[in-house]
Structure formats: C-alpha cells, structure tokens
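As structure tokens, the structure follows; a few thoughts come after it.
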Amino acid sequence: MTTPQEVLKRIQDEKIELIDLKFIDIPGTWQHLTLYQNQIDESSFTDGVPFDGSSIRGWKAINESDMTMVLDPNTAWIDPFMEVPTLSIVCSIKEPRTGEWYNRCPRVIAQKAIDYLVSTGIGDTAFFGPEAEFFIFDSVRFDQTANEGYYYVDSIEGRWNSGKNEKPNLGYKPRFKEGYFPVSPTDSLQDIRTEMLLTMAKLGVPIEKHHHEVATGGQCELGFRFGKLIEAADWLLIYKYVIKNVAWKHGKTVTFMPKPLFGDNGSGMHTHQSIWKDGQPLFAGDKYAGLSETALYYIGGLLKHAPALLGITNPSTNSYKRLVPGYEAPVNLAYSQGNRSASIRIPLSGDNPKAKRLEFRCPDATANPYLAFAAMLCAGIDGIKNKIHPGEPLDKNIYELSPEELAKVPSTPGSLELALEALEKDHAFLTESGVFTEDFIENWIDYKLANEVKPLQLRPHPYEFNLYYDA
C-alpha cells in the first residue's frame, strides 16, 4: 500500500475495525493511539489526526498541547500481536496552528536530512543498515526503595547458572565471550529468533539472517537489508517491536540496552551507510580500500564530529558502560579496512561498487534511529562539503598498540555528560542546514541532563537500569 486510497480500500475490503497510529517520541520510543476505522479518511494523510502532545517527553507544554499525527500510507501493516485485526500505520507530526511539520518530531528531522542532501547536489539517496544487538532474558527485576537498590537479570543460557540445580541442569551454557555462532543445544534460542525474523518479513521488513551473539546469557542479532534513511529507521522500530513481543509471547524479555551484563560483551548498533545519486553509488572509487574521495571526506566528517555525534547516537548513561577503552567496544576514532577495533570499518565487500559502504561502529540501539541517522548524514555531508580528509588509516589491531601509540589515537567521550558537552560546543554541522534547530539541540541537551545525567549523580545504579532496560 502506497496511497491513502489503497489503505482505505484495504480497511473496507477486509472489514478492519481498528487503526493503530504509531509515532516516535524524542528519546526513541514508539507511542500509539488506536482509533475506530470511521475516524480515518483521506484528510488523515494530509492534515492529520489530532492528539494531546503535552504528555510526550520533550514536546509541548500543556497550554500548547494540540498536535496532529499525519499518517504515512507506505508504513501500513496488520499487527500480528493483536487479537482483533488491527492496521498499524506510522505517523509524522504537524503543528495544527501553522500546518507546518513539527521541528521536534524525529521523523520530520530525518526527512529534512534527506532534503538537505538533495539540496547540496551531492546525492539524492542515503542508505543505512543498522545492526542492533540485544539480549533475551528469562527474568529481569530491578528496584530502588528506601532500604535497598538492586537489579537482577537471569537466563537459562547464563554461564553463572552452570552450578544451579535446574532439576536437571543440562549444561550447555555459553562461556563468557564464546556465544558467537554455537549450534544447539548451546544456542537455545534458534526457534524464537526464527519466529522473530519471519514475523518481521510478514510486516515488510527485508530480512537476511539471524544468529547468536558473542556474550553469554542470550545475546542475539537479527539482520535486515539496508534501506533508505527513513525506511531503515521505520524497519528498526518494527525490529524492536517484533522482537520484544515475540519474546513476551514465549515468556521471555528483551533489552537493547548497551551493557546489561558486567564482564561480557555489550550490545551495539553498527551502522552501515552510503550515499547514491541518480541510481549510482558514490562511495566506490580508486582510493584506500576501494573508496572514493567522497567517501573519505564523509569519513572525515564522521571522525571530526564523533564526540558530538555520540550525544545523539549513544544517548544513554549506560552507553558509556559499553564504550570502555581496552574492551570490545569501538572507542578509537580511526578508520580501517575490515578492522573491527576501529570506530569506522570499511567492510571487505568485493568488487561490486554498489556494495561499497562504511560502517560506523560506535552507535547503540538506545539511540532514536531517525535522529541518529540524520545526525550521521549531516556529519558526513559536512565532511564532503569542507573536504575534511580523515588522515591515514590505522590498519593495526588497536587493542595491541603500545600506550605511546594509543595516546595518538583520539577516543570517544567517556560519559554521556561529556558527549553532551561536545554536542553543545559542536552542533553547527547539524543546525546550519536547518535539519536540526537550535531549539531542538538545546531541548535535547536539557532533557538528557535533567532526566538522566543529574539524577544518576544522586542515585545508585538500579535507577540507570530502570531507565534503559526498555530501550
């Protein structure tokens, strides 16, 4: 379905009674409103459906709360988790007073990033391919009361359960950092991942693969094909929605938080990206690793603005429990071919120029994908426009460099507060184009400081776990 008429015809033909309208808030969580089918007509796809925006995080005050959700017909699918047939549609947000798109709506910002790319003449399409890792747990508990504070997660796969009386305990617990690609019964999650993957396919996501990930305790990853910026972000939200609901159906629970376990790998969201124009890829060339000069400048923009970017692409305090020097996370701001110890990797993708891309390995899935993809694109465009060369590649295992060598390699900020400070100082590459507004950046920083950084300076770790488990 690509037109309002096609959506309305399906509603009528299949006698669908309920329409579920979804939109994303600033932190990156889907919100929804379910309407009876007679509340939707062609004007819903242009003028929108009214709702109260005063209770949405980081949006409107109560005295200016009226907003409208504008339905995107390209995003319609039947929700597989609802007992009554329900058509789900993703929306962007408009200001009813002016009829203009709302400058704090993440999906609107993503569209402005694409419009900006086109306006520069550099390209007309930006492709993104996120790889969001996650954990499937059997139990999660966390609390903070007047007399205690704790978090507790458990998994039948957890190595810590090797001595537990499970009546009987059958063993087969992946050892720490040895969860990558074992077959069953060590990998106990094959069937549930298959259900997740095939459910995503039914909703229009172009699926590719699934597998167990490195950590013990149920770390996994599903893969879908890269897409245009907005559709890739839409697919990532479907990805999260499906994975969490399939897990729930099987009595399990999922988190995308970057570091739910101490002492084993965290979960990232390595993000592949490239720019095309007139149907042709712009990142393939005769420079290092088969890249074009345009691609190198794009890398230069990412590396230059990386500390500020992380305030958007790694927006949780827990993000910086994963980004710790000396461990598996890509904290080193360098680029290299096929080198997973660098923050930017150029995959060995063969001779096909259409496969030429770069992978930014810092982000994690607590990020709002519309904002993260838009910000990365703006940084890359800034690199191209200003011909920011990334310098020489670092074709070494960075984890084995001497302290003197490592001191010469820039690294990521060590906390969310430091990343937000970098964003406050360096955001002209986001605002000069009009993609992000000064109002948005100021509001984003204020929201993060007030609701996440400062409370954590007063409270112990369980508060952080409570904040980010549902990411």
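Convention: chains lettered A, B, ... in structure tokens order; per-chain residue numbering from 1; ligands numbered from 1 as shown.
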List as a compact mmCIF listing (two decimals) with N, CA, C and O atoms, in the first residue's frame the protein and nucleic acid residues near segment 187-198 of chain A, meaning an atom at most 9 Å away when only C-alpha atoms are counted, but skip any in the same chain fewer than 3 places from it.
# COMPACT_ATOMS: atom_id res chain seq x y z
N ILE A 136 18.16 -11.66 25.19
CA ILE A 136 16.90 -12.31 25.55
C ILE A 136 17.09 -12.92 26.93
O ILE A 136 17.89 -13.86 27.10
N ILE A 156 18.57 -18.85 31.11
CA ILE A 156 18.93 -20.26 31.19
C ILE A 156 20.28 -20.51 30.51
O ILE A 156 20.97 -21.47 30.81
N GLU A 157 20.67 -19.58 29.62
CA GLU A 157 21.97 -19.69 28.95
C GLU A 157 23.12 -19.09 29.75
O GLU A 157 24.27 -19.23 29.37
N TYR A 172 25.42 -26.93 28.83
CA TYR A 172 25.34 -26.17 27.59
C TYR A 172 25.12 -24.68 27.82
O TYR A 172 24.26 -24.05 27.22
N LYS A 173 25.89 -24.11 28.74
CA LYS A 173 25.83 -22.66 28.96
C LYS A 173 27.02 -22.03 28.22
O LYS A 173 28.17 -22.37 28.48
N PRO A 174 26.77 -21.12 27.28
CA PRO A 174 27.91 -20.50 26.57
C PRO A 174 28.86 -19.82 27.55
O PRO A 174 28.43 -19.10 28.45
N GLY A 179 29.83 -16.93 22.88
CA GLY A 179 28.48 -17.18 22.40
C GLY A 179 28.30 -17.00 20.91
O GLY A 179 27.18 -17.11 20.40
N PHE A 181 27.99 -17.95 17.37
CA PHE A 181 27.72 -18.99 16.39
C PHE A 181 27.73 -20.43 16.90
O PHE A 181 27.92 -21.36 16.11
N PRO A 182 27.53 -20.73 18.19
CA PRO A 182 27.44 -22.15 18.57
C PRO A 182 26.13 -22.75 18.07
O PRO A 182 25.12 -22.05 17.95
N VAL A 183 26.13 -24.04 17.78
CA VAL A 183 24.89 -24.70 17.38
C VAL A 183 24.10 -25.09 18.63
O VAL A 183 24.59 -25.01 19.76
N SER A 184 22.87 -25.54 18.42
CA SER A 184 22.07 -26.04 19.54
C SER A 184 22.69 -27.36 20.03
O SER A 184 23.37 -28.05 19.26
N ALA A 201 9.40 -10.30 8.42
CA ALA A 201 9.21 -10.40 6.97
C ALA A 201 7.76 -10.17 6.59
O ALA A 201 7.46 -9.52 5.58
N LYS A 202 6.85 -10.71 7.39
CA LYS A 202 5.42 -10.54 7.10
C LYS A 202 4.99 -9.07 7.18
O LYS A 202 3.98 -8.69 6.60
N LEU A 203 5.76 -8.27 7.91
CA LEU A 203 5.43 -6.85 8.07
C LEU A 203 6.19 -5.99 7.05
O LEU A 203 6.15 -4.76 7.17
N ILE A 207 14.24 -9.16 5.34
CA ILE A 207 15.08 -9.91 6.27
C ILE A 207 16.26 -10.56 5.57
O ILE A 207 16.23 -10.84 4.38
N GLU A 208 17.31 -10.84 6.36
CA GLU A 208 18.51 -11.50 5.83
C GLU A 208 18.97 -12.70 6.66
O GLU A 208 19.27 -13.76 6.12
N LYS A 209 19.04 -12.57 7.99
CA LYS A 209 19.72 -13.61 8.78
C LYS A 209 19.36 -13.45 10.25
O LYS A 209 18.75 -12.48 10.68
N HIS A 210 19.77 -14.44 11.04
CA HIS A 210 19.79 -14.28 12.50
C HIS A 210 20.86 -15.20 13.07
O HIS A 210 21.23 -16.20 12.46
N HIS A 211 21.36 -14.86 14.26
CA HIS A 211 22.40 -15.67 14.89
C HIS A 211 22.56 -15.29 16.35
O HIS A 211 22.12 -14.24 16.80
N HIS A 212 23.22 -16.18 17.08
CA HIS A 212 23.61 -15.90 18.45
C HIS A 212 24.78 -14.93 18.41
O HIS A 212 25.59 -14.94 17.48
N GLY A 218 22.25 -15.14 26.40
CA GLY A 218 21.21 -14.89 25.43
C GLY A 218 21.38 -13.68 24.56
O GLY A 218 20.39 -13.04 24.18
N CYS A 220 21.83 -11.86 21.10
CA CYS A 220 21.45 -12.26 19.74
C CYS A 220 21.48 -11.07 18.79
O CYS A 220 21.60 -9.91 19.21
N GLU A 221 21.35 -11.39 17.51
CA GLU A 221 21.20 -10.35 16.49
C GLU A 221 20.39 -10.91 15.32
O GLU A 221 20.57 -12.07 14.94
N LEU A 222 19.48 -10.10 14.80
CA LEU A 222 18.79 -10.39 13.56
C LEU A 222 19.27 -9.37 12.53
O LEU A 222 19.63 -8.25 12.89
N GLY A 223 19.26 -9.74 11.26
CA GLY A 223 19.74 -8.82 10.24
C GLY A 223 18.68 -8.55 9.20
O GLY A 223 17.96 -9.46 8.78
N PHE A 224 18.57 -7.27 8.78
CA PHE A 224 17.73 -6.94 7.64
C PHE A 224 18.53 -6.08 6.67
O PHE A 224 19.52 -5.47 7.03
N TYR A 239 11.56 -3.88 13.97
CA TYR A 239 12.50 -4.87 14.51
C TYR A 239 12.38 -4.94 16.03
O TYR A 239 12.20 -6.02 16.60
N VAL A 242 8.76 -6.22 17.11
CA VAL A 242 8.55 -7.65 16.89
C VAL A 242 9.35 -8.48 17.88
O VAL A 242 8.82 -9.42 18.50
N ILE A 243 10.62 -8.15 18.05
CA ILE A 243 11.48 -8.94 18.93
C ILE A 243 10.94 -8.95 20.36
O ILE A 243 10.87 -9.99 21.02
N LYS A 244 10.54 -7.78 20.84
CA LYS A 244 10.04 -7.70 22.21
C LYS A 244 8.73 -8.46 22.37
O LYS A 244 8.51 -9.15 23.38
N ASN A 245 7.85 -8.36 21.38
CA ASN A 245 6.54 -9.01 21.52
C ASN A 245 6.60 -10.52 21.31
O ASN A 245 5.86 -11.26 21.95
N VAL A 246 7.48 -10.99 20.42
CA VAL A 246 7.65 -12.44 20.28
C VAL A 246 8.26 -13.00 21.56
O VAL A 246 7.83 -14.06 22.05
N ALA A 247 9.24 -12.31 22.13
CA ALA A 247 9.82 -12.76 23.40
C ALA A 247 8.77 -12.82 24.50
O ALA A 247 8.69 -13.80 25.26
N HIS A 250 6.60 -15.79 24.43
CA HIS A 250 7.25 -17.02 24.89
C HIS A 250 7.69 -16.93 26.36
O HIS A 250 8.47 -17.78 26.81
**Study point:** Test item: residues at most 12 Å from Tyr102 of chain A, only C-alpha atoms, excluding those fewer than 2 positions along its chain, as a ChimeraX atom specification
**Key:** /A:25-26,53,59-60,66-70,91-100,104-112,435-437,439-440
Practice item. Counting only C-alpha atoms, figure out which residue out of A:Leu309, A:Met1, A:Met82, A:Ile56 gets nearest to Met376 of chain A. Key: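 Of A:Leu309, A:Met1, A:Met82, A:Ile56, the one nearest Met376 of chain A is A:Leu309, counting only C-alpha atoms.
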Review point. As an MDAnalysis selection string, which residues of segment 18-205 of chain A does DSSP assign to strand (DSSP E)?
Key: chainID A and resid 18:24 30:36 49:52 66:71 77:78 86:94 125:137 139:144 149:154
**Study point:** Those of segment 134-272 of chain A in DSSP helix (DSSP H, G or I), formatted as a PyMOL selection string
**Key:** chain A and resi 159-161+190-202+229-249
Compile the contact shell of Lys177 of chain A as a compact mmCIF listing (two decimals) with C-alpha atoms, in the first residue's frame: residues with an atom at most 12 Å away, counting only C-alpha atoms, same-chain residues fewer than 6 positions apart removed.
# COMPACT_ATOMS: atom_id res chain seq x y z
CA GLY A 158 23.85 -17.65 31.56
CA ARG A 159 27.25 -19.09 32.40
CA HIS A 212 23.61 -15.90 18.45
CA GLU A 213 25.99 -13.13 19.51
CA VAL A 214 29.23 -13.14 21.48
CA ALA A 215 28.02 -12.81 25.07
CA THR A 216 26.64 -15.49 27.33
CA GLY A 217 23.13 -15.09 28.71
CA GLY A 218 21.21 -14.89 25.43
CA GLN A 219 22.81 -12.18 23.30
CA LEU A 261 25.84 -7.62 31.95
CA PHE A 262 29.15 -6.97 33.67
CA GLY A 263 32.21 -8.74 32.30
CA ASP A 264 30.91 -9.73 28.87
CA ASN A 265 30.24 -8.05 25.53
CA GLY A 266 27.74 -5.23 25.31
CA TYR A 327 37.41 -3.93 25.79
CA GLU A 328 35.50 -4.96 22.68
Check your understanding: Which of these, A:Glu6, A:Asp79, A:Glu359, A:Asp154, has the shortest distance to His272 of chain A once you count only C-alpha atoms?
Key -> A:Glu359
